[in-house]
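Next comes protein29.tsv, with TSV, C-alpha atoms.
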chain	number	residue	atom	x	y	z
A	1	MET	CA	134.12	99.78	95.50
A	2	ASP	CA	134.26	97.07	92.83
A	3	HIS	CA	132.99	94.05	94.77
A	4	LYS	CA	130.80	93.20	97.75
A	5	ILE	CA	131.41	90.63	100.46
A	6	VAL	CA	129.29	89.58	103.42
A	7	LEU	CA	131.15	88.38	106.50
A	8	THR	CA	129.45	86.24	109.12
A	9	GLY	CA	130.33	84.35	112.27
A	10	GLY	CA	129.74	84.85	115.96
A	11	GLY	CA	129.14	83.56	119.44
A	12	THR	CA	132.74	84.06	120.64
A	13	ALA	CA	135.52	86.50	119.75
A	14	GLY	CA	137.31	83.59	118.04
A	15	HIS	CA	134.49	83.52	115.47
A	16	VAL	CA	134.90	87.24	114.74
A	17	THR	CA	138.54	88.39	114.99
A	18	PRO	CA	139.75	86.34	111.96
A	19	ASN	CA	137.03	88.04	109.87
A	20	LEU	CA	138.19	91.45	111.04
A	21	ALA	CA	141.83	90.52	110.32
A	22	LEU	CA	140.84	90.20	106.64
A	23	LEU	CA	139.32	93.70	106.47
A	24	PRO	CA	142.40	95.77	105.49
A	25	SER	CA	143.18	93.40	102.59
A	26	LEU	CA	139.53	93.24	101.51
A	27	ARG	CA	139.27	97.02	101.45
A	28	ALA	CA	142.58	97.35	99.60
A	29	ALA	CA	141.24	94.92	96.97
A	30	GLY	CA	138.15	97.10	96.48
A	31	PHE	CA	135.58	95.13	98.50
A	32	GLU	CA	132.66	96.72	100.30
A	33	ALA	CA	132.20	94.53	103.39
A	34	THR	CA	129.02	94.01	105.42
A	35	TYR	CA	128.52	91.86	108.53
A	36	ILE	CA	125.58	89.60	109.38
A	37	GLY	CA	125.48	88.33	112.97
A	38	SER	CA	123.07	87.77	115.81
A	39	VAL	CA	120.99	90.63	117.17
A	40	ASP	CA	122.94	91.03	120.42
A	41	GLY	CA	126.03	88.77	120.13
A	42	ILE	CA	129.64	89.77	120.82
A	43	GLU	CA	130.12	90.11	117.06
A	44	LYS	CA	127.84	93.18	116.88
A	45	GLY	CA	130.09	95.50	118.88
A	46	LEU	CA	133.30	94.15	117.30
A	47	ALA	CA	131.99	94.57	113.75
A	48	GLU	CA	130.57	98.05	114.36
A	49	ASP	CA	133.82	99.16	116.02
A	50	ALA	CA	135.58	98.08	112.81
A	51	GLY	CA	133.33	100.41	110.81
A	52	LEU	CA	131.14	97.71	109.24
A	53	THR	CA	127.44	97.99	108.42
A	54	TYR	CA	125.82	95.35	110.64
A	55	TYR	CA	122.63	93.32	110.26
A	56	GLY	CA	121.28	91.19	113.13
A	57	ILE	CA	119.22	88.04	112.51
A	58	ALA	CA	117.48	85.46	114.70
A	59	VAL	CA	119.76	82.64	115.87
A	60	GLY	CA	118.93	79.25	117.32
A	61	LYS	CA	121.50	77.04	118.96
A	62	LEU	CA	121.48	73.43	117.80
A	63	ARG	CA	122.24	71.14	120.75
A	64	ARG	CA	123.13	67.48	121.06
A	65	TYR	CA	121.55	67.29	124.52
A	66	PHE	CA	118.03	67.79	125.86
A	67	ASP	CA	116.96	71.36	126.52
A	68	PRO	CA	113.45	72.89	126.38
A	69	LYS	CA	114.79	75.41	123.84
A	70	ASN	CA	115.34	72.50	121.42
A	71	PHE	CA	111.64	72.88	120.59
A	72	SER	CA	111.77	76.60	119.81
A	73	ASP	CA	115.27	77.09	118.41
A	74	PRO	CA	114.65	75.29	115.07
A	75	PHE	CA	111.99	77.93	114.36
A	76	ARG	CA	114.52	80.66	115.17
A	77	VAL	CA	116.97	79.08	112.70
A	78	ILE	CA	114.24	79.06	110.01
A	79	LYS	CA	113.38	82.69	110.80
A	80	GLY	CA	117.10	83.58	110.59
A	81	PHE	CA	117.34	81.84	107.21
A	82	PHE	CA	114.57	84.00	105.71
A	83	GLN	CA	115.96	87.17	107.32
A	84	ALA	CA	119.44	86.40	105.92
A	85	ARG	CA	117.99	85.59	102.51
A	86	LYS	CA	116.22	88.99	102.36
A	87	ILE	CA	119.40	90.85	103.46
A	88	LEU	CA	121.51	88.99	100.90
A	89	LYS	CA	118.99	89.72	98.11
A	90	ASP	CA	119.19	93.42	99.00
A	91	ILE	CA	123.01	93.55	99.22
A	92	ARG	CA	123.71	91.15	96.32
A	93	PRO	CA	127.25	90.27	97.45
A	94	ASP	CA	129.74	88.56	95.17
A	95	VAL	CA	130.78	86.15	97.95
A	96	VAL	CA	130.05	85.22	101.59
A	97	PHE	CA	132.89	84.44	104.02
A	98	SER	CA	131.94	82.63	107.23
A	99	LYS	CA	134.00	82.04	110.37
A	100	GLY	CA	131.43	79.71	111.96
A	101	GLY	CA	129.27	79.74	115.05
A	102	PHE	CA	125.52	79.11	114.97
A	103	VAL	CA	124.67	82.46	113.36
A	104	ALA	CA	126.58	81.30	110.27
A	105	VAL	CA	124.24	78.37	109.53
A	106	PRO	CA	121.22	80.37	108.25
A	107	VAL	CA	123.49	82.87	106.44
A	108	VAL	CA	125.51	80.24	104.55
A	109	ARG	CA	122.40	78.20	103.75
A	110	ALA	CA	120.57	81.33	102.51
A	111	ALA	CA	123.55	82.33	100.36
A	112	ALA	CA	123.70	78.86	98.80
A	113	SER	CA	119.97	79.04	98.01
A	114	LEU	CA	120.68	82.29	96.11
A	115	LYS	CA	123.69	80.76	94.29
A	116	ILE	CA	126.09	83.15	96.08
A	117	PRO	CA	129.53	81.51	96.47
A	118	CYS	CA	130.37	80.65	100.11
A	119	ILE	CA	133.79	80.24	101.69
A	120	ILE	CA	133.94	79.01	105.28
A	121	HIS	CA	136.85	78.79	107.70
A	122	GLU	CA	137.35	75.98	110.23
A	123	SER	CA	139.82	76.73	113.02
A	124	ASP	CA	139.92	73.34	114.74
A	125	ILE	CA	140.95	69.91	113.47
A	126	THR	CA	137.40	68.56	113.81
A	127	PRO	CA	134.65	70.88	112.56
A	128	GLY	CA	132.13	71.98	115.17
A	129	LEU	CA	128.42	71.27	114.68
A	130	ALA	CA	127.64	74.65	113.07
A	131	ASN	CA	130.36	74.28	110.43
A	132	ARG	CA	129.37	70.66	109.79
A	133	LEU	CA	125.94	71.99	108.83
A	134	CYS	CA	127.53	74.66	106.59
A	135	ILE	CA	130.08	72.48	104.76
A	136	PRO	CA	127.59	70.90	102.29
A	137	ALA	CA	126.51	74.40	101.17
A	138	ALA	CA	130.05	75.81	100.93
A	139	ASP	CA	132.23	76.06	97.82
A	140	ILE	CA	135.52	76.21	99.77
A	141	VAL	CA	136.54	75.20	103.31
A	142	CYS	CA	139.68	76.92	104.64
A	143	CYS	CA	141.50	74.76	107.21
A	144	ASN	CA	144.12	75.34	109.89
A	145	PHE	CA	145.24	71.73	110.04
A	146	PRO	CA	146.11	69.14	107.38
A	147	GLU	CA	144.23	66.51	109.45
A	148	THR	CA	140.92	68.30	108.71
A	149	PHE	CA	141.16	67.19	105.07
A	150	ASP	CA	140.12	63.68	106.15
A	151	LEU	CA	136.81	65.00	107.53
A	152	ILE	CA	135.51	67.12	104.63
A	153	PRO	CA	135.13	66.66	100.85
A	154	PRO	CA	138.72	66.88	99.53
A	155	GLU	CA	137.78	69.05	96.57
A	156	LYS	CA	136.59	71.78	98.98
A	157	ALA	CA	139.55	71.72	101.38
A	158	HIS	CA	142.35	74.31	101.31
A	159	LEU	CA	145.12	74.59	103.92
A	160	THR	CA	145.33	78.32	104.65
A	161	GLY	CA	145.97	78.75	108.36
A	162	SER	CA	144.09	81.39	110.32
A	163	PRO	CA	144.00	85.12	109.46
A	164	ILE	CA	146.13	87.09	111.94
A	165	ARG	CA	145.68	90.80	112.68
A	166	ASP	CA	148.32	92.74	110.77
A	167	GLU	CA	149.36	94.82	113.79
A	168	LEU	CA	150.73	91.71	115.54
A	169	PHE	CA	153.54	91.65	112.95
A	170	ARG	CA	154.55	95.24	113.75
A	171	GLY	CA	155.74	94.77	117.33
A	172	ASP	CA	158.91	96.41	118.62
A	173	ARG	CA	161.11	94.34	120.94
A	174	GLU	CA	162.69	97.33	122.68
A	175	ALA	CA	159.29	99.01	123.16
A	176	GLY	CA	158.11	95.80	124.83
A	177	ARG	CA	161.07	95.78	127.21
A	178	ARG	CA	160.45	99.44	128.11
A	179	PHE	CA	156.74	98.76	128.70
A	180	VAL	CA	157.35	95.93	131.17
A	181	GLY	CA	160.50	97.46	132.63
A	182	PHE	CA	163.04	94.71	131.92
A	183	THR	CA	166.51	96.28	131.96
A	184	ASP	CA	168.86	93.29	131.64
A	185	ASP	CA	169.34	91.09	128.58
A	186	LYS	CA	167.92	87.80	129.91
A	187	PRO	CA	165.71	85.94	127.43
A	188	VAL	CA	161.97	86.47	127.92
A	189	ILE	CA	159.27	83.85	128.51
A	190	MET	CA	155.72	84.95	127.66
A	191	VAL	CA	152.98	82.99	129.45
A	192	ILE	CA	149.37	83.04	128.14
A	193	GLY	CA	146.60	81.01	129.75
A	194	GLY	CA	143.75	82.09	127.46
A	195	SER	CA	141.32	85.00	127.95
A	196	GLN	CA	139.85	83.44	131.10
A	197	GLY	CA	143.29	82.52	132.44
A	198	SER	CA	144.34	79.07	133.60
A	199	ALA	CA	144.67	78.35	137.30
A	200	ALA	CA	146.81	75.28	136.53
A	201	ILE	CA	149.31	77.14	134.30
A	202	ASN	CA	149.37	80.21	136.55
A	203	GLY	CA	150.05	78.09	139.62
A	204	ALA	CA	152.78	75.98	137.99
A	205	ILE	CA	154.60	79.06	136.67
A	206	ARG	CA	154.49	80.77	140.06
A	207	ASP	CA	155.74	77.62	141.79
A	208	SER	CA	158.69	77.61	139.37
A	209	LEU	CA	159.62	81.30	139.59
A	210	THR	CA	162.66	80.98	141.84
A	211	GLU	CA	164.33	78.58	139.42
A	212	LEU	CA	163.17	80.18	136.15
A	213	LEU	CA	164.11	83.74	137.12
A	214	LYS	CA	167.78	82.71	137.42
A	215	ASP	CA	167.95	82.59	133.61
A	216	PHE	CA	164.80	84.25	132.25
A	217	ASN	CA	162.55	87.26	132.57
A	218	ILE	CA	158.84	86.37	132.54
A	219	VAL	CA	155.82	88.34	131.32
A	220	HIS	CA	152.65	86.58	132.45
A	221	LEU	CA	149.17	87.29	131.05
A	222	THR	CA	147.16	85.79	133.89
A	223	GLY	CA	143.56	86.28	132.75
A	224	LYS	CA	140.89	88.36	134.47
A	225	ASP	CA	141.14	88.53	138.28
A	226	LYS	CA	144.03	86.02	138.31
A	227	MET	CA	146.97	88.25	139.33
A	228	ASP	CA	148.91	87.43	142.51
A	229	ASN	CA	149.46	90.63	144.49
A	230	MET	CA	152.14	88.93	146.61
A	231	LEU	CA	154.38	88.76	143.52
A	232	LEU	CA	154.03	92.33	142.25
A	233	THR	CA	157.53	93.37	143.32
A	234	VAL	CA	159.47	90.29	142.17
A	235	ASP	CA	162.34	91.33	139.88
A	236	GLY	CA	162.08	89.99	136.34
A	237	TYR	CA	158.43	88.85	136.71
A	238	LYS	CA	155.64	91.06	135.36
A	239	GLN	CA	151.96	90.05	135.41
A	240	TYR	CA	148.97	91.57	133.63
A	241	GLU	CA	145.35	90.38	133.44
A	242	TYR	CA	145.53	90.99	129.69
A	243	ILE	CA	147.25	93.37	127.28
A	244	THR	CA	145.71	94.95	124.18
A	245	ASP	CA	147.61	97.85	122.57
A	246	GLU	CA	151.09	96.68	123.64
A	247	LEU	CA	150.51	93.01	122.72
A	248	PRO	CA	152.50	93.19	119.44
A	249	ASP	CA	155.50	94.58	121.38
A	250	ILE	CA	155.21	91.84	124.03
A	251	PHE	CA	155.18	89.16	121.30
A	252	ALA	CA	158.19	90.79	119.63
A	253	MET	CA	160.04	90.75	122.96
A	254	ALA	CA	159.24	87.10	123.78
A	255	ASP	CA	161.91	84.51	123.00
A	256	ILE	CA	159.64	81.56	123.88
A	257	VAL	CA	155.95	81.26	124.79
A	258	VAL	CA	154.02	79.01	127.19
A	259	SER	CA	150.37	78.84	126.09
A	260	ARG	CA	147.07	77.01	125.94
A	261	SER	CA	146.38	75.54	122.49
A	262	GLY	CA	143.21	77.24	121.29
A	263	ALA	CA	143.21	77.45	117.50
A	264	ASN	CA	143.51	81.24	117.25
A	265	ALA	CA	146.24	81.43	119.91
A	266	ILE	CA	148.46	78.84	118.26
A	267	GLY	CA	147.75	80.32	114.83
A	268	GLU	CA	149.31	83.54	116.10
A	269	LEU	CA	152.34	81.68	117.49
A	270	LEU	CA	152.87	79.96	114.12
A	271	ALA	CA	152.48	83.17	112.12
A	272	LEU	CA	154.93	85.00	114.40
A	273	HIS	CA	157.38	82.03	114.48
A	274	LYS	CA	157.42	81.91	118.29
A	275	PRO	CA	158.87	78.68	119.78
A	276	ASN	CA	156.22	77.46	122.18
A	277	LEU	CA	155.31	75.00	124.90
A	278	LEU	CA	151.62	74.11	124.65
A	279	ILE	CA	149.63	72.98	127.69
A	280	PRO	CA	146.21	72.03	126.24
A	281	LEU	CA	142.93	72.36	128.09
A	282	PRO	CA	142.24	68.82	129.41
A	283	SER	CA	139.48	66.76	127.75
A	284	ALA	CA	137.49	66.85	131.01
A	285	SER	CA	137.08	70.62	130.51
A	286	SER	CA	136.49	70.70	126.73
A	287	ARG	CA	135.56	68.66	123.65
A	288	GLY	CA	139.24	67.76	123.35
A	289	ASP	CA	140.02	70.07	120.43
A	290	GLN	CA	142.96	71.73	122.23
A	291	ILE	CA	144.61	68.33	122.75
A	292	MET	CA	144.24	67.53	119.04
A	293	ASN	CA	145.46	71.01	118.04
A	294	ALA	CA	148.57	70.60	120.21
A	295	LYS	CA	149.33	67.12	118.86
A	296	SER	CA	149.12	68.37	115.28
A	297	TYR	CA	151.52	71.24	116.00
A	298	GLU	CA	153.86	68.83	117.80
A	299	ASP	CA	153.75	66.41	114.83
A	300	GLN	CA	154.51	69.26	112.41
A	301	GLY	CA	157.49	70.36	114.53
A	302	PHE	CA	155.99	73.72	115.54
A	303	SER	CA	155.51	73.07	119.27
A	304	MET	CA	156.55	71.18	122.36
A	305	VAL	CA	153.60	69.78	124.37
A	306	LEU	CA	153.07	69.15	128.08
A	307	SER	CA	149.79	67.67	129.34
A	308	GLU	CA	148.22	69.42	132.32
A	309	GLU	CA	147.74	66.08	134.07
A	310	ASP	CA	151.52	65.43	133.95
A	311	MET	CA	152.58	68.96	134.83
A	312	THR	CA	154.77	69.48	137.90
A	313	SER	CA	156.99	72.44	138.67
A	314	LYS	CA	160.10	70.32	138.02
A	315	LEU	CA	158.84	69.02	134.65
A	316	LEU	CA	157.68	72.48	133.56
A	317	ILE	CA	161.12	73.97	134.31
A	318	SER	CA	162.82	71.14	132.43
A	319	LYS	CA	160.56	71.56	129.35
A	320	ILE	CA	161.05	75.35	129.29
A	321	ARG	CA	164.83	74.99	129.43
A	322	GLU	CA	164.77	72.35	126.68
A	323	LEU	CA	162.51	74.53	124.50
A	324	TYR	CA	164.84	77.51	124.84
A	325	GLU	CA	167.92	75.44	124.02
A	326	THR	CA	166.30	73.94	120.89
A	327	LYS	CA	164.25	76.99	119.85
A	328	ASP	CA	165.94	77.36	116.46
A	329	LYS	CA	164.57	74.04	115.14
A	330	TYR	CA	161.01	75.15	115.97
A	331	ILE	CA	161.54	78.53	114.28
A	332	GLN	CA	162.86	76.73	111.17
A	333	ALA	CA	159.83	74.39	111.02
A	334	MET	CA	157.42	77.33	111.35
A	335	GLU	CA	159.26	79.35	108.69
A	336	ASN	CA	158.89	76.39	106.29
A	337	SER	CA	155.14	76.02	106.94
A	338	LYS	CA	152.59	76.59	104.18
A	339	GLN	CA	150.26	78.20	106.74
A	340	ARG	CA	152.38	81.27	107.35
A	341	ASP	CA	150.47	83.79	105.16
A	342	ALA	CA	146.82	82.97	105.74
A	343	ILE	CA	145.44	86.34	104.64
A	344	ALA	CA	147.11	86.16	101.20
A	345	ALA	CA	145.92	82.55	100.75
A	346	ILE	CA	142.33	83.38	101.74
A	347	MET	CA	142.23	86.54	99.62
A	348	GLU	CA	143.29	84.48	96.59
A	349	LEU	CA	140.39	82.07	97.24
A	350	ILE	CA	137.90	84.93	97.73
A	351	LEU	CA	138.99	86.60	94.48
A	352	SER	CA	138.69	83.25	92.66
A	353	LYS	CA	134.97	83.25	93.44
A	354	VAL	CA	134.30	86.82	92.26
A	355	LYS	CA	132.86	87.14	88.79
A	356	THR	CA	134.95	89.64	86.82

Output the file's structure as structure tokens, nothing else.
Amino acid sequence: MDHKIVLTGGGTAGHVTPNLALLPSLRAAGFEATYIGSVDGIEKGLAEDAGLTYYGIAVGKLRRYFDPKNFSDPFRVIKGFFQARKILKDIRPDVVFSKGGFVAVPVVRAAASLKIPCIIHESDITPGLANRLCIPAADIVCCNFPETFDLIPPEKAHLTGSPIRDELFRGDREAGRRFVGFTDDKPVIMVIGGSQGSAAINGAIRDSLTELLKDFNIVHLTGKDKMDNMLLTVDGYKQYEYITDELPDIFAMADIVVSRSGANAIGELLALHKPNLLIPLPSASSRGDQIMNAKSYEDQGFSMVLSEEDMTSKLLISKIRELYETKDKYIQAMENSKQRDAIAAIMELILSKVKT
């Protein structure tokens, strides 16, 4: 191995999977990769399953609201900083790449104190609190959205898009059809409500089945415990809580996609050039980032958007039909996007920070 890189990020799978998507390219370029995360976060199992050496450090969550832990967590952050600093001094990496989450704050700050170049990735339009604390210490900030450039120092900002797992590009349309059992040649709608599923999207799709199934087949990823057993035998409608191994084939089979607008989900739709109808999580249920993500993709011509508050069965059917009829213009816009090869763009930035 010629170079060393430390990856960090955690708290949710969205803070880990983009790091792991970079691994094949990092290894091909001669990097030895190590992961620093929290002692017992979701990132530990994911990183170890990917064959990475893993170091756990103390993590404190920084909150904007009152909580008794606000008194103890700053000390955990300080402890994590010194733990990360010791690990980094031992490993002596050429560069640190961070995907965010609170575990990243002590790692990025420790790397900066040791003059180790830091590259961080921000998935959403507006950086979350953890990344806002990392940006001053970072050399480069990789962004998913052009709008993010207004919120960070312009000399640090690079529009890269989000790293997508290579296997998603290797799907087989016919294998997808065999897996779900579609035998006719109707176009396919793929419906994704996020890992937890969306009661609103699930309900609206099911209310619209009679009309939609006249012209489409539907594969519906409902989320955990959200399947409707009354609909298991409906021709042309297949539901699954989630799909892992066959997901690339399902994407390949899908002509259009109905989805939430989480940053990683829409990054995959853009990379795969899938015409999509986005139904963002309402602001009452989130910090509003999905609404901003969806608006950006709509403005760039990548997506059609329907707000959950406005959604009726009739409007949903109308939007889906319109999306299918105009799908080529969305594919064209996505093919012309600068964000289509995030891994190559990020690898170029990583290599620019490695001393030869």

Task: Sel. within 8 Å of pt (129.4, 81.5, 110.7), counting all atoms listed in the file, output as an NGL selection string - done: :A and (8-10 or 15 or 98-105 or 107-108 or 120 or 130-131)

List as CSV every residue of range 216-264 of chain A that is in contact with range 145-162 of chain A, defined as an atom at most 12 Å from one of its atoms (using all atoms listed in the file), together with the nearest atom pair and the distance in Å rounded to one decimal, sorted by chain and then rising number.
residue,atom,partner,partner_atom,distance
A:Gly262,CA,A:Ser162,CA,11.8
A:Ala263,CA,A:Ser162,CA,8.2
A:Asn264,CA,A:Ser162,CA,7.0

Written selection (C-alpha atoms) as a compact mmCIF listing (two decimals), in the coordinates of the input:
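Output saved as again_4.txt:
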# COMPACT_ATOMS: atom_id res chain seq x y z
CA GLY A 262 143.21 77.24 121.29
CA ALA A 263 143.21 77.45 117.50
CA ASN A 264 143.51 81.24 117.25

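Atom to atom, CA of Leu20 in chain A and CA of Arg165 in chain A stand 7.7 Å apart.
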
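Across A:Leu316, A:Ile42, A:Leu323, A:Ile116, the tightest approach to Ile201 in chain A is made by A:Leu316 when counting all atoms listed in the file.
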
Open item on the list: I want to know what sits within 9 Å of Ile266 in chain A, based on only C-alpha atoms, with residues of the same chain fewer than 4 positions away left out; could you give that as a ChimeraX atom specification?
Closed with: /A:259-262,270-271,276,278,293-294,297

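Nearest residue to Leu213 in chain A, choosing from A:Ser283, A:Ile317, A:Arg109, A:Ile87 and counting all atoms listed in the file: A:Ile317.
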
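In terms of minimum interatomic distance to Ala111 in chain A, A:Leu7 ranks closest within A:Ala47, A:Leu52, A:Ala252, A:Leu7, counting only C-alpha atoms.
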
Open item on the list: Report as number ranges by chain all protein, DNA and RNA residues lying within 8 Å of Asp94 in chain A, evaluated on only C-alpha atoms, omitting residues in the same chain fewer than 4 positions from it.
Closed with: A: 3-5, 116-117, 353-355

Write the selection just made, keeping C-alpha atoms, as a compact mmCIF listing (two decimals), keeping the file's coordinate frame?
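Saved to out.txt:
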# COMPACT_ATOMS: atom_id res chain seq x y z
CA HIS A 3 132.99 94.05 94.77
CA LYS A 4 130.80 93.20 97.75
CA ILE A 5 131.41 90.63 100.46
CA ILE A 116 126.09 83.15 96.08
CA PRO A 117 129.53 81.51 96.47
CA LYS A 353 134.97 83.25 93.44
CA VAL A 354 134.30 86.82 92.26
CA LYS A 355 132.86 87.14 88.79

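Coordinates place CA of Lys186 in chain A at a distance of 20.8 Å from CA of Ala204 in chain A.
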
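For the pair CA of Arg178 in chain A and CA of Leu247 in chain A, the separation is 13.0 Å.
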